[in-house]
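Listing of input.txt; format and content: compact mmCIF, C-alpha atoms.
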```txt
# COMPACT_ATOMS: atom_id res chain seq x y z
CA MET A 167 79.93 121.93 67.13
CA ALA A 168 81.43 119.22 64.94
CA ILE A 169 83.12 116.26 66.60
CA THR A 170 84.19 113.55 64.15
CA HIS A 171 85.29 110.04 65.11
CA LEU A 172 87.94 109.11 62.55
CA LYS A 173 88.48 105.81 64.37
CA SER A 174 86.24 104.27 67.03
CA SER A 175 86.76 101.56 69.61
CA LYS A 176 84.47 98.56 70.13
CA PRO A 177 80.88 99.38 71.14
CA GLU A 178 79.95 99.85 74.78
CA THR A 179 77.61 96.85 74.59
CA GLU A 180 80.51 94.53 73.82
CA ARG A 181 82.53 96.00 76.67
CA LYS A 182 79.64 95.35 79.06
CA GLU A 183 79.48 91.72 77.96
CA ASP A 184 83.18 91.36 78.73
CA ASP A 185 82.65 92.98 82.14
CA ALA A 186 79.81 90.59 82.98
CA LYS A 187 81.99 87.54 82.32
CA VAL A 188 84.73 88.95 84.54
CA ARG A 189 82.23 89.75 87.29
CA LYS A 190 80.94 86.18 87.49
CA THR A 191 84.41 84.64 87.51
CA VAL A 192 85.54 86.95 90.32
CA GLU A 193 82.42 86.32 92.41
CA ASP A 194 82.87 82.54 92.21
CA THR A 195 86.59 82.78 93.00
CA LEU A 196 86.13 85.00 96.06
CA ASN A 197 83.43 82.67 97.38
CA ASP A 198 85.83 79.76 96.99
CA ILE A 199 88.55 81.61 98.93
CA GLU A 200 86.11 82.47 101.70
CA THR A 201 84.96 78.86 101.93
CA ARG A 202 88.22 76.95 101.58
CA GLY A 203 90.87 79.49 102.61
CA ASP A 204 94.46 78.42 102.01
CA ALA A 205 93.41 75.36 99.99
CA ALA A 206 91.55 77.53 97.48
CA VAL A 207 94.43 79.99 97.26
CA ARG A 208 96.90 77.16 96.65
CA ASP A 209 94.71 75.57 93.96
CA LEU A 210 94.28 78.90 92.17
CA SER A 211 97.97 79.70 92.29
CA GLN A 212 98.80 76.26 90.91
CA LYS A 213 96.21 76.63 88.16
CA PHE A 214 97.16 80.10 86.96
CA ASP A 215 100.84 80.38 87.86
CA GLY A 216 102.02 76.80 88.29
CA TYR A 217 103.26 77.79 91.74
CA ALA A 218 102.32 76.17 95.06
CA PRO A 219 105.10 76.47 97.67
CA ASP A 220 104.82 75.45 101.30
CA SER A 221 104.25 79.11 102.17
CA PHE A 222 103.42 82.05 99.93
CA ARG A 223 105.00 84.44 102.44
CA LEU A 224 108.70 84.95 101.76
CA THR A 225 111.16 84.53 104.58
CA MET A 226 113.92 87.07 105.10
CA SER A 227 116.44 84.63 103.63
CA GLU A 228 114.26 84.24 100.53
CA ILE A 229 113.98 88.03 100.24
CA GLU A 230 117.74 88.42 100.52
CA ALA A 231 118.32 85.65 97.98
CA ALA A 232 115.99 87.33 95.50
CA MET A 233 117.67 90.70 95.97
CA GLN A 234 121.07 89.14 95.28
CA LYS A 235 119.85 88.39 91.75
CA VAL A 236 119.22 92.08 91.00
CA SER A 237 122.09 93.76 89.15
CA THR A 238 123.87 96.73 90.68
CA ARG A 239 122.59 99.03 87.94
CA ASP A 240 118.97 97.87 88.40
CA MET A 241 119.25 98.33 92.15
CA GLU A 242 120.59 101.86 91.70
CA ASP A 243 117.71 102.67 89.35
CA ILE A 244 115.17 101.30 91.84
CA ARG A 245 116.69 103.41 94.61
CA PHE A 246 116.67 106.52 92.38
CA ALA A 247 112.98 106.05 91.53
CA GLN A 248 112.11 105.48 95.18
CA ASP A 249 113.96 108.64 96.17
CA GLN A 250 111.79 110.69 93.78
CA ILE A 251 108.55 109.05 94.88
CA ARG A 252 109.46 109.39 98.57
CA ARG A 253 110.31 113.07 98.17
CA PHE A 254 106.96 113.92 96.59
CA ALA A 255 105.00 111.73 99.02
CA GLU A 256 106.71 113.40 101.99
CA ALA A 257 105.79 116.82 100.60
CA GLN A 258 102.18 115.67 100.23
CA ARG A 259 102.16 114.29 103.78
CA ALA A 260 103.50 117.58 105.13
CA SER A 261 100.55 119.37 103.49
CA MET A 262 98.10 117.40 105.64
CA THR A 263 98.06 118.87 109.10
CA ASP A 264 96.13 118.06 112.24
CA ILE A 265 93.99 120.99 113.34
CA GLU A 266 92.38 122.23 116.55
CA VAL A 267 90.29 125.39 116.73
CA GLU A 268 88.13 127.08 119.37
CA THR A 269 84.96 127.83 117.38
CA LEU A 270 83.15 129.34 120.36
CA PRO A 271 84.42 130.19 123.85
CA GLY A 272 84.90 126.80 125.51
CA VAL A 273 84.14 124.75 122.36
CA ILE A 274 87.17 123.04 120.84
CA LEU A 275 86.97 121.11 117.56
CA GLY A 276 89.73 119.34 115.73
CA HIS A 277 90.82 116.52 113.50
CA ARG A 278 93.70 114.08 113.37
CA ASN A 279 95.09 112.29 110.33
CA ILE A 280 95.55 108.66 111.37
CA PRO A 281 97.13 105.97 109.16
CA VAL A 282 95.11 102.96 108.10
CA GLN A 283 96.42 100.17 110.32
CA SER A 284 97.01 97.47 107.68
CA VAL A 285 97.22 97.64 103.91
CA GLY A 286 97.53 95.02 101.18
CA CYS A 287 99.54 96.31 98.21
CA TYR A 288 99.03 94.39 94.98
CA VAL A 289 101.79 94.55 92.38
CA PRO A 290 100.80 93.24 88.93
CA GLY A 291 102.90 90.65 87.18
CA GLY A 292 101.47 88.83 84.20
CA LYS A 293 103.12 89.67 80.89
CA PHE A 294 104.97 92.65 82.36
CA PRO A 295 106.32 92.60 85.94
CA MET A 296 105.35 96.02 87.31
CA VAL A 297 108.33 96.82 89.52
CA ALA A 298 107.24 100.46 89.72
CA SER A 299 103.92 99.55 91.31
CA ALA A 300 105.78 98.40 94.40
CA HIS A 301 107.20 101.90 94.85
CA MET A 302 103.85 103.53 94.26
CA SER A 303 101.91 101.57 96.87
CA VAL A 304 104.38 100.19 99.42
CA LEU A 305 106.63 103.24 99.67
CA THR A 306 103.71 105.67 99.79
CA ALA A 307 102.07 103.65 102.58
CA THR A 308 105.39 103.74 104.44
CA VAL A 309 105.55 107.53 104.21
CA ALA A 310 101.96 107.67 105.51
CA GLY A 311 103.01 105.64 108.57
CA VAL A 312 100.95 102.47 107.96
CA PRO A 313 102.12 100.01 110.67
CA ARG A 314 101.45 96.79 108.69
CA ILE A 315 102.10 96.68 104.96
CA VAL A 316 101.55 93.42 103.09
CA ALA A 317 102.81 93.33 99.50
CA SER A 318 101.93 90.66 96.97
CA ALA A 319 103.00 89.93 93.39
CA PRO A 320 102.68 86.83 91.21
CA PRO A 321 105.63 84.55 90.53
CA GLN A 322 107.66 84.87 87.35
CA LYS A 323 108.95 81.63 85.84
CA GLY A 324 108.11 79.75 89.01
CA GLU A 325 109.76 82.04 91.53
CA PRO A 326 109.46 85.50 93.08
CA HIS A 327 110.51 88.25 90.70
CA PRO A 328 113.82 89.57 92.11
CA ALA A 329 113.39 93.24 91.22
CA ILE A 330 109.81 93.36 92.51
CA VAL A 331 110.89 91.75 95.78
CA ALA A 332 113.73 94.28 96.07
CA ALA A 333 111.37 97.19 95.44
CA MET A 334 108.86 95.87 98.00
CA HIS A 335 111.54 95.34 100.64
CA LEU A 336 113.28 98.67 100.07
CA GLY A 337 109.87 100.37 100.05
CA GLY A 338 109.16 99.13 103.57
CA ALA A 339 106.88 96.08 103.20
CA HIS A 340 106.50 94.12 106.45
CA GLU A 341 105.21 90.96 104.74
CA ILE A 342 105.89 89.89 101.15
CA LEU A 343 103.72 87.30 99.40
CA CYS A 344 104.48 85.58 96.10
CA LEU A 345 100.88 85.38 94.97
CA GLY A 346 98.96 86.89 92.08
CA GLY A 347 95.55 87.69 90.67
CA ILE A 348 92.19 87.30 92.37
CA GLN A 349 93.71 84.85 94.83
CA ALA A 350 96.14 87.50 96.08
CA VAL A 351 93.68 90.33 96.69
CA GLY A 352 91.08 87.85 97.95
CA ALA A 353 93.48 86.30 100.47
CA MET A 354 94.66 89.69 101.72
CA ALA A 355 91.14 91.06 102.13
CA ILE A 356 89.29 87.96 103.37
CA GLY A 357 92.15 86.29 105.22
CA THR A 358 93.05 82.63 105.38
CA GLU A 359 94.49 80.27 107.98
CA THR A 360 97.98 81.66 107.29
CA ILE A 361 97.31 85.19 106.01
CA ASP A 362 95.81 87.78 108.34
CA PRO A 363 93.30 90.07 106.61
CA VAL A 364 94.10 93.73 105.95
CA HIS A 365 91.93 96.81 106.32
CA MET A 366 92.59 98.21 102.84
CA LEU A 367 93.62 97.06 99.35
CA VAL A 368 95.60 99.23 96.95
CA GLY A 369 97.37 98.88 93.64
CA PRO A 370 96.54 98.44 89.96
CA GLY A 371 95.79 95.20 88.17
CA ASN A 372 94.03 93.58 85.26
CA ALA A 373 90.26 93.48 84.83
CA PHE A 374 89.95 90.54 87.25
CA VAL A 375 91.95 92.24 90.01
CA ALA A 376 90.01 95.48 89.54
CA GLU A 377 86.69 93.63 89.74
CA ALA A 378 87.85 91.71 92.82
CA LYS A 379 88.64 95.01 94.56
CA ARG A 380 85.22 96.33 93.56
CA GLN A 381 83.46 93.30 95.04
CA LEU A 382 85.57 93.42 98.21
CA TYR A 383 84.96 97.14 98.76
CA GLY A 384 83.04 97.64 101.99
CA ARG A 385 84.60 94.61 103.57
CA VAL A 386 87.87 96.49 103.15
CA GLY A 387 88.71 99.93 101.88
CA ILE A 388 90.26 100.36 98.46
CA ASP A 389 92.27 103.12 96.89
CA LEU A 390 90.22 103.38 93.69
CA PHE A 391 89.01 101.33 90.75
CA ALA A 392 92.19 100.96 88.73
CA GLY A 393 91.45 98.70 85.79
CA PRO A 394 93.20 98.39 82.43
CA THR A 395 95.31 101.42 81.68
CA GLU A 396 93.92 104.27 79.57
CA THR A 397 95.86 106.94 77.72
CA MET A 398 94.68 110.06 75.93
CA VAL A 399 96.74 112.43 73.81
CA ILE A 400 95.37 115.95 73.34
CA ALA A 401 97.41 117.55 70.55
CA ASP A 402 97.44 120.29 67.95
CA ASP A 403 99.84 121.19 65.15
CA SER A 404 102.52 122.20 67.65
CA VAL A 405 103.67 118.54 67.73
CA ASP A 406 104.17 115.84 65.14
CA ALA A 407 102.61 112.47 64.44
CA GLU A 408 105.59 110.46 65.67
CA MET A 409 105.22 111.98 69.13
CA CYS A 410 101.48 111.29 69.24
CA ALA A 411 101.71 107.73 67.92
CA THR A 412 104.56 106.84 70.25
CA ASP A 413 102.68 108.09 73.30
CA LEU A 414 99.52 106.22 72.32
CA LEU A 415 101.17 102.88 71.60
CA GLY A 416 103.49 103.24 74.59
CA GLN A 417 100.46 102.61 76.80
CA ALA A 418 98.44 100.38 74.47
CA GLU A 419 101.10 97.69 74.92
CA HIS A 420 99.97 97.21 78.53
CA GLY A 421 97.33 94.67 77.59
CA TYR A 422 94.76 93.61 75.02
CA ASN A 423 92.12 95.97 76.40
CA SER A 424 94.00 99.21 77.07
CA PRO A 425 92.10 102.18 75.61
CA ALA A 426 94.12 104.83 73.74
CA CYS A 427 92.63 107.99 72.30
CA LEU A 428 93.85 110.95 70.25
CA ILE A 429 91.88 114.17 70.48
CA THR A 430 92.97 116.86 68.05
CA ASN A 431 91.76 119.86 66.09
CA SER A 432 94.09 119.06 63.19
CA ARG A 433 92.91 116.70 60.44
CA LYS A 434 96.47 116.63 59.10
CA LEU A 435 97.86 115.48 62.46
CA ALA A 436 95.09 112.90 62.88
CA ASP A 437 95.74 111.31 59.49
CA ALA A 438 99.50 111.38 59.97
CA THR A 439 99.19 109.80 63.43
CA LEU A 440 97.10 106.94 62.06
CA ALA A 441 99.76 106.30 59.43
CA GLU A 442 102.55 106.55 62.00
CA ILE A 443 100.78 104.06 64.28
CA ASP A 444 100.74 101.56 61.40
CA ARG A 445 104.47 102.13 60.85
CA ILE A 446 105.40 101.69 64.51
CA LEU A 447 103.26 98.57 64.86
CA GLY A 448 105.44 97.05 62.16
CA ILE A 449 108.59 97.34 64.31
CA LEU A 450 107.36 97.38 67.93
CA PRO A 451 108.37 94.18 69.78
CA THR A 452 105.12 94.31 71.77
CA ALA A 453 103.04 94.94 68.64
CA GLU A 454 100.84 91.88 69.09
CA THR A 455 99.40 93.31 72.31
CA ALA A 456 99.46 96.96 71.25
CA ARG A 457 97.77 96.24 67.91
CA THR A 458 94.88 94.39 69.53
CA SER A 459 94.36 97.21 72.03
CA TRP A 460 94.52 99.83 69.30
CA GLU A 461 92.14 97.98 66.98
CA ASP A 462 89.56 97.24 69.69
CA TYR A 463 90.00 100.19 72.06
CA GLY A 464 91.61 102.95 70.00
CA ASP A 465 89.88 106.23 69.14
CA VAL A 466 90.81 109.24 67.03
CA ILE A 467 88.49 112.19 67.58
CA LEU A 468 88.67 115.33 65.46
CA CYS A 469 87.29 118.54 66.98
CA ASP A 470 86.77 122.04 65.59
CA SER A 471 88.11 123.95 68.57
CA TYR A 472 90.10 123.76 71.78
CA GLU A 473 86.85 124.15 73.71
CA GLU A 474 85.47 121.03 72.03
CA MET A 475 88.70 119.17 72.78
CA LEU A 476 88.35 120.16 76.42
CA GLN A 477 84.71 119.07 76.58
CA VAL A 478 85.37 115.67 75.00
CA SER A 479 88.38 114.97 77.21
CA ASN A 480 86.52 115.91 80.39
CA ASP A 481 83.58 113.71 79.34
CA MET A 482 85.85 110.71 78.70
CA ALA A 483 87.80 111.25 81.94
CA TYR A 484 90.75 109.07 80.95
CA GLU A 485 93.47 107.90 83.30
CA HIS A 486 96.57 109.37 81.62
CA VAL A 487 96.13 112.59 79.66
CA GLN A 488 99.14 113.76 77.63
CA ILE A 489 98.65 117.39 76.54
CA MET A 490 100.81 118.76 73.75
CA THR A 491 99.35 122.03 72.49
CA ASP A 492 100.16 125.72 72.29
CA ARG A 493 98.07 126.26 75.46
CA ASP A 494 98.93 123.44 77.88
CA ASP A 495 98.38 125.59 80.97
CA TRP A 496 94.88 126.47 79.74
CA PHE A 497 94.04 122.76 79.79
CA LEU A 498 95.60 122.44 83.25
CA GLU A 499 93.35 125.21 84.53
CA ASN A 500 90.18 123.86 82.90
CA MET A 501 90.47 120.07 83.00
CA HIS A 502 88.46 118.64 85.90
CA SER A 503 88.06 114.90 85.22
CA TYR A 504 91.15 112.76 84.66
CA GLY A 505 93.72 110.61 86.44
CA ALA A 506 96.91 112.58 85.88
CA LEU A 507 98.05 115.23 83.40
CA PHE A 508 101.34 115.17 81.50
CA LEU A 509 101.98 118.64 80.16
CA GLY A 510 104.09 119.38 77.12
CA PRO A 511 106.13 117.26 74.69
CA ARG A 512 109.08 116.97 77.10
CA THR A 513 106.80 115.15 79.55
CA ASN A 514 105.53 111.63 79.03
CA VAL A 515 103.39 109.02 80.72
CA ALA A 516 106.22 106.47 80.95
CA ASN A 517 108.25 108.77 83.20
CA GLY A 518 105.17 109.25 85.35
CA ASP A 519 104.68 105.50 85.47
CA LYS A 520 108.21 104.69 86.54
CA VAL A 521 110.35 107.41 88.01
CA ILE A 522 109.43 111.09 88.06
CA GLY A 523 107.79 110.98 91.50
CA THR A 524 104.02 111.20 91.10
CA ASN A 525 101.94 108.09 91.71
CA HIS A 526 100.96 105.89 88.77
CA THR A 527 97.96 104.18 90.40
CA LEU A 528 95.20 106.27 88.84
CA PRO A 529 91.43 106.16 88.29
CA THR A 530 90.07 104.48 85.14
CA LYS A 531 86.63 103.96 83.61
CA LYS A 532 85.64 107.58 84.30
CA ALA A 533 86.37 107.32 88.04
CA GLY A 534 88.41 110.50 87.57
CA ARG A 535 85.09 112.33 87.78
CA TYR A 536 85.00 111.70 91.55
CA THR A 537 88.47 110.70 92.72
CA GLY A 538 92.12 111.37 92.10
CA GLY A 539 94.84 108.77 92.11
CA LEU A 540 96.67 106.96 94.88
CA TRP A 541 98.68 109.28 97.11
CA VAL A 542 99.84 109.44 100.68
CA GLY A 543 96.48 110.86 101.78
CA LYS A 544 94.66 107.68 100.68
CA PHE A 545 96.40 105.84 103.52
CA LEU A 546 95.27 108.40 106.10
CA LYS A 547 91.87 108.67 107.76
CA THR A 548 90.86 112.12 108.94
CA HIS A 549 89.02 111.73 112.25
CA SER A 550 87.32 114.62 114.00
CA TYR A 551 86.98 115.20 117.75
CA GLN A 552 85.26 117.74 119.99
CA LYS A 553 85.74 118.96 123.51
CA VAL A 554 83.67 121.37 125.62
CA THR A 555 85.74 122.95 128.37
CA SER A 556 83.38 125.31 130.23
CA ASP A 557 80.02 125.02 131.96
CA GLU A 558 78.74 128.04 130.03
CA ALA A 559 79.55 126.48 126.66
CA ALA A 560 78.01 123.12 127.64
CA ALA A 561 74.75 124.80 128.62
CA MET A 562 74.64 127.17 125.67
CA VAL A 563 75.35 124.55 122.98
CA GLY A 564 73.02 122.17 124.83
CA GLU A 565 70.12 124.58 124.41
CA TYR A 566 70.51 124.66 120.64
CA GLY A 567 71.09 120.93 120.47
CA SER A 568 68.00 120.18 122.55
CA ARG A 569 65.70 122.22 120.33
CA LEU A 570 67.17 120.86 117.09
CA CYS A 571 66.77 117.28 118.34
CA MET A 572 63.14 117.86 119.26
CA LEU A 573 62.59 119.44 115.83
CA GLU A 574 63.37 116.01 114.40
CA GLY A 575 61.44 114.10 117.05
CA PHE A 576 64.50 112.60 118.78
CA VAL A 577 63.53 112.86 122.46
CA GLY A 578 66.42 110.68 123.64
CA HIS A 579 68.87 112.81 121.70
CA ALA A 580 67.37 115.94 123.24
CA GLU A 581 67.76 114.51 126.73
CA GLN A 582 71.51 114.17 126.18
CA CYS A 583 71.56 117.91 125.63
CA ASN A 584 69.06 118.69 128.40
CA LEU A 585 71.15 116.84 130.95
CA ARG A 586 74.05 119.21 130.25
CA VAL A 587 71.76 122.24 130.46
CA ARG A 588 70.52 121.06 133.89
CA ARG A 589 73.90 120.01 135.19
CA TYR A 590 76.11 122.79 133.89
CA GLY A 591 73.56 125.60 133.39
CA GLY A 592 71.66 125.12 136.63
CA ARG A 593 68.29 125.14 134.85
CA ASN A 594 65.41 122.69 135.09
CA VAL A 595 64.37 121.31 131.70
CA PRO A 596 61.48 118.79 131.99
CA TYR A 597 62.07 115.44 130.36
CA GLY A 598 60.66 115.26 126.82
CA THR A 599 60.69 119.01 126.24
CA ALA A 600 63.09 121.30 124.47
CA ALA A 601 65.38 123.61 126.39
CA GLN A 602 64.39 127.23 125.90
CA PRO A 603 66.82 130.10 125.45
CA LEU A 604 68.09 131.55 128.69
CA ASP A 605 66.34 134.91 128.22
CA ALA A 606 63.03 133.13 127.49
CA ALA A 607 63.47 130.99 130.60
CA GLU A 608 63.99 134.12 132.66
```
Reformat the file's structure so that it appears as structure tokens.
Amino acid sequence: MAITHLKSSKPETERKEDDAKVRKTVEDTLNDIETRGDAAVRDLSQKFDGYAPDSFRLTMSEIEAAMQKVSTRDMEDIRFAQDQIRRFAEAQRASMTDIEVETLPGVILGHRNIPVQSVGCYVPGGKFPMVASAHMSVLTATVAGVPRIVASAPPQKGEPHPAIVAAMHLGGAHEILCLGGIQAVGAMAIGTETIDPVHMLVGPGNAFVAEAKRQLYGRVGIDLFAGPTETMVIADDSVDAEMCATDLLGQAEHGYNSPACLITNSRKLADATLAEIDRILGILPTAETARTSWEDYGDVILCDSYEEMLQVSNDMAYEHVQIMTDRDDWFLENMHSYGALFLGPRTNVANGDKVIGTNHTLPTKKAGRYTGGLWVGKFLKTHSYQKVTSDEAAAMVGEYGSRLCMLEGFVGHAEQCNLRVRRYGGRNVPYGTAAQPLDAAE
């Protein structure tokens, strides 16, 4: 096996140093929010966004005023995107059914899918206002039936971003906050004097938001660890360098630390893509950001075979994986660790990010090894229940339960079972002993 790194990103040790700095900043900030509540949130918002209104929660008149600033065309586009996302989310929701089965005569088991009761949806702002993230979190939570949806996004130029507010409102948000960064997710999770805490946090964000969610996990639920965006292109000679370079830089422009990786079995395509990236960086308006990401977090990996390409891509477990080969379905069948797949040259990550209907909040930093992305099921909790409806079943299951409890030394547990054997089976089981099978008792 020969895997050659034609271009490598910064070493893992340097990335860990960056992560440690972020971790300390987030820890201190969350402690400040917990201690000082609204005052801390206001100070942080003033410091980072120059924004400190009387209330961070928008009134209905403020929501309507913001929406009036959105052009007719932009509003139509937002509605179109939400229609696609709603349609797919509704199909996903319909696939999740409550069940009830009689596993033994008189023994009924089941489960119900119950919505999380309150969710905080974070919508990134920063350099790029992520209007689409409002659809992905707020609208999907609405389809799941969440009864309280709080949505928060940072201000843009000293005021709520009109299109983001429109997307939040149309998506079904019950409360809209104009608040960003650690202070937003911290306030929603911890709660302040004026913001009631939520049960779950969802949505993408920068490294600080992702780390804040990680530190808050347990106190609240989270969707997944969605840090800086990652994109991978798996390609062979069936596509050209312009396509590969465009798809890599199209995601590298997200931020200064957005990994982008080309995996190919064609040296010719690899070299041509590197040259094409240089050409595009000379004309791309967001080249300052994209160039830094590509220089520090870009990889080009040359493999001998499709099997090697598959192995490397599964090991890296990137968030977005664009596959453009002569065997795309083979990769679909064999890939097991990723955020989302984009199959074929007609497909692209940008459509997935904005409009096509799948959710763009996806696992990063190899979390695709153990979780998929945000979807309607993330907002639902599957709770089981059990019901015994006959005396015979209560006594029979009680016998097994009694013996298995005593096997582990749990006498009190066993007595719960024994009581049912005595009461519903008419048999005397001495306290502190295991119920014997009926034929043995006879």
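Here atom CA of Lys547 of chain A and atom CA of Met354 of chain A stand 20.1 Å from one another.
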- Fewer than 2 positions away in the same chain doesn't count, so skip those; otherwise give me all residues within 12 Å of Val273 of chain A, counting only C-alpha atoms, as a ChimeraX atom specification. /A:266-271,275-276,551-564
- Task: Find the residues near Gly464 of chain A: any atom within 10 Å, counting all atoms listed in the file, skip ones fewer than 6 places away on the same chain, and give them as number ranges by chain.
- Result: A: 173-176, 396-398, 414-415, 418, 423-428, 456-458
Only C-alpha atoms, please: the residues just picked out, written as a JSON list (two decimals), in the coordinates of the input.
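The result, stored in result24.json:
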```json
[["chain", "number", "residue", "atom", "x", "y", "z"],
["A", 173, "LYS", "CA", 88.48, 105.81, 64.37],
["A", 174, "SER", "CA", 86.24, 104.27, 67.03],
["A", 175, "SER", "CA", 86.76, 101.56, 69.61],
["A", 176, "LYS", "CA", 84.47, 98.56, 70.13],
["A", 396, "GLU", "CA", 93.92, 104.27, 79.57],
["A", 397, "THR", "CA", 95.86, 106.94, 77.72],
["A", 398, "MET", "CA", 94.68, 110.06, 75.93],
["A", 414, "LEU", "CA", 99.52, 106.22, 72.32],
["A", 415, "LEU", "CA", 101.17, 102.88, 71.60],
["A", 418, "ALA", "CA", 98.44, 100.38, 74.47],
["A", 423, "ASN", "CA", 92.12, 95.97, 76.40],
["A", 424, "SER", "CA", 94.00, 99.21, 77.07],
["A", 425, "PRO", "CA", 92.10, 102.18, 75.61],
["A", 426, "ALA", "CA", 94.12, 104.83, 73.74],
["A", 427, "CYS", "CA", 92.63, 107.99, 72.30],
["A", 428, "LEU", "CA", 93.85, 110.95, 70.25],
["A", 456, "ALA", "CA", 99.46, 96.96, 71.25],
["A", 457, "ARG", "CA", 97.77, 96.24, 67.91],
["A", 458, "THR", "CA", 94.88, 94.39, 69.53]]
```
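Remark: residues at most 9 Å from position (107.6, 92.8, 84.4) in file coordinates are Pro290, Gly291, Gly292, Lys293, Phe294, Pro295, Met296, Val297, Gln322, His327, Ala329 and Ile330 of chain A, using all atoms listed in the file.
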- Please work out which residues fall within 8 Å of (96.9, 121.1, 73.8), coordinates as given in the file, with all atoms listed in the file counting, and return them as an MDAnalysis selection string. chainID A and resid 400:402 472 489:494 497
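Among A:Gln349, A:Gln212, A:Thr439, A:Ser299, the residue with the shortest atom-to-atom distance to Cys410 of chain A, counting only C-alpha atoms, is A:Thr439.
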- Name the closest residue to Tyr504 of chain A among the candidates A:Cys583, A:Val478, A:Ala533, A:Leu345; distances are taken between atoms, counting all atoms listed in the file. A:Ala533
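In this model, the gap between atom CA of Gly505 of chain A and atom CA of Asp462 of chain A comes to 21.8 Å.
Picture a line from atom CA of Ala300 of chain A to atom CA of Met334 of chain A; it runs 5.4 Å.
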- Message: For Leu440 of chain A, find every residue with an atom within 12 Å (counting all atoms listed in the file), except residues of its own chain fewer than 2 positions away, and show them as a PyMOL selection string.
- Response: chain A and resi 172-173+406-412+414-415+427-428+433-438+442-447+460-461+464-467
Take the residues from that selection and write them out as a compact mmCIF listing (two decimals), in the frame of the given file, keeping C-alpha atoms.
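See selection33.txt below for the written result:
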```
# COMPACT_ATOMS: atom_id res chain seq x y z
CA LEU A 172 87.94 109.11 62.55
CA LYS A 173 88.48 105.81 64.37
CA ASP A 406 104.17 115.84 65.14
CA ALA A 407 102.61 112.47 64.44
CA GLU A 408 105.59 110.46 65.67
CA MET A 409 105.22 111.98 69.13
CA CYS A 410 101.48 111.29 69.24
CA ALA A 411 101.71 107.73 67.92
CA THR A 412 104.56 106.84 70.25
CA LEU A 414 99.52 106.22 72.32
CA LEU A 415 101.17 102.88 71.60
CA CYS A 427 92.63 107.99 72.30
CA LEU A 428 93.85 110.95 70.25
CA ARG A 433 92.91 116.70 60.44
CA LYS A 434 96.47 116.63 59.10
CA LEU A 435 97.86 115.48 62.46
CA ALA A 436 95.09 112.90 62.88
CA ASP A 437 95.74 111.31 59.49
CA ALA A 438 99.50 111.38 59.97
CA GLU A 442 102.55 106.55 62.00
CA ILE A 443 100.78 104.06 64.28
CA ASP A 444 100.74 101.56 61.40
CA ARG A 445 104.47 102.13 60.85
CA ILE A 446 105.40 101.69 64.51
CA LEU A 447 103.26 98.57 64.86
CA TRP A 460 94.52 99.83 69.30
CA GLU A 461 92.14 97.98 66.98
CA GLY A 464 91.61 102.95 70.00
CA ASP A 465 89.88 106.23 69.14
CA VAL A 466 90.81 109.24 67.03
CA ILE A 467 88.49 112.19 67.58
```
- Item | Exercise: Gly338 of chain A partners within 7 Å, all atoms listed in the file, chain neighbours under 2 positions left out, as a PyMOL selection string | chain A and resi 304-305+308+334-336+340
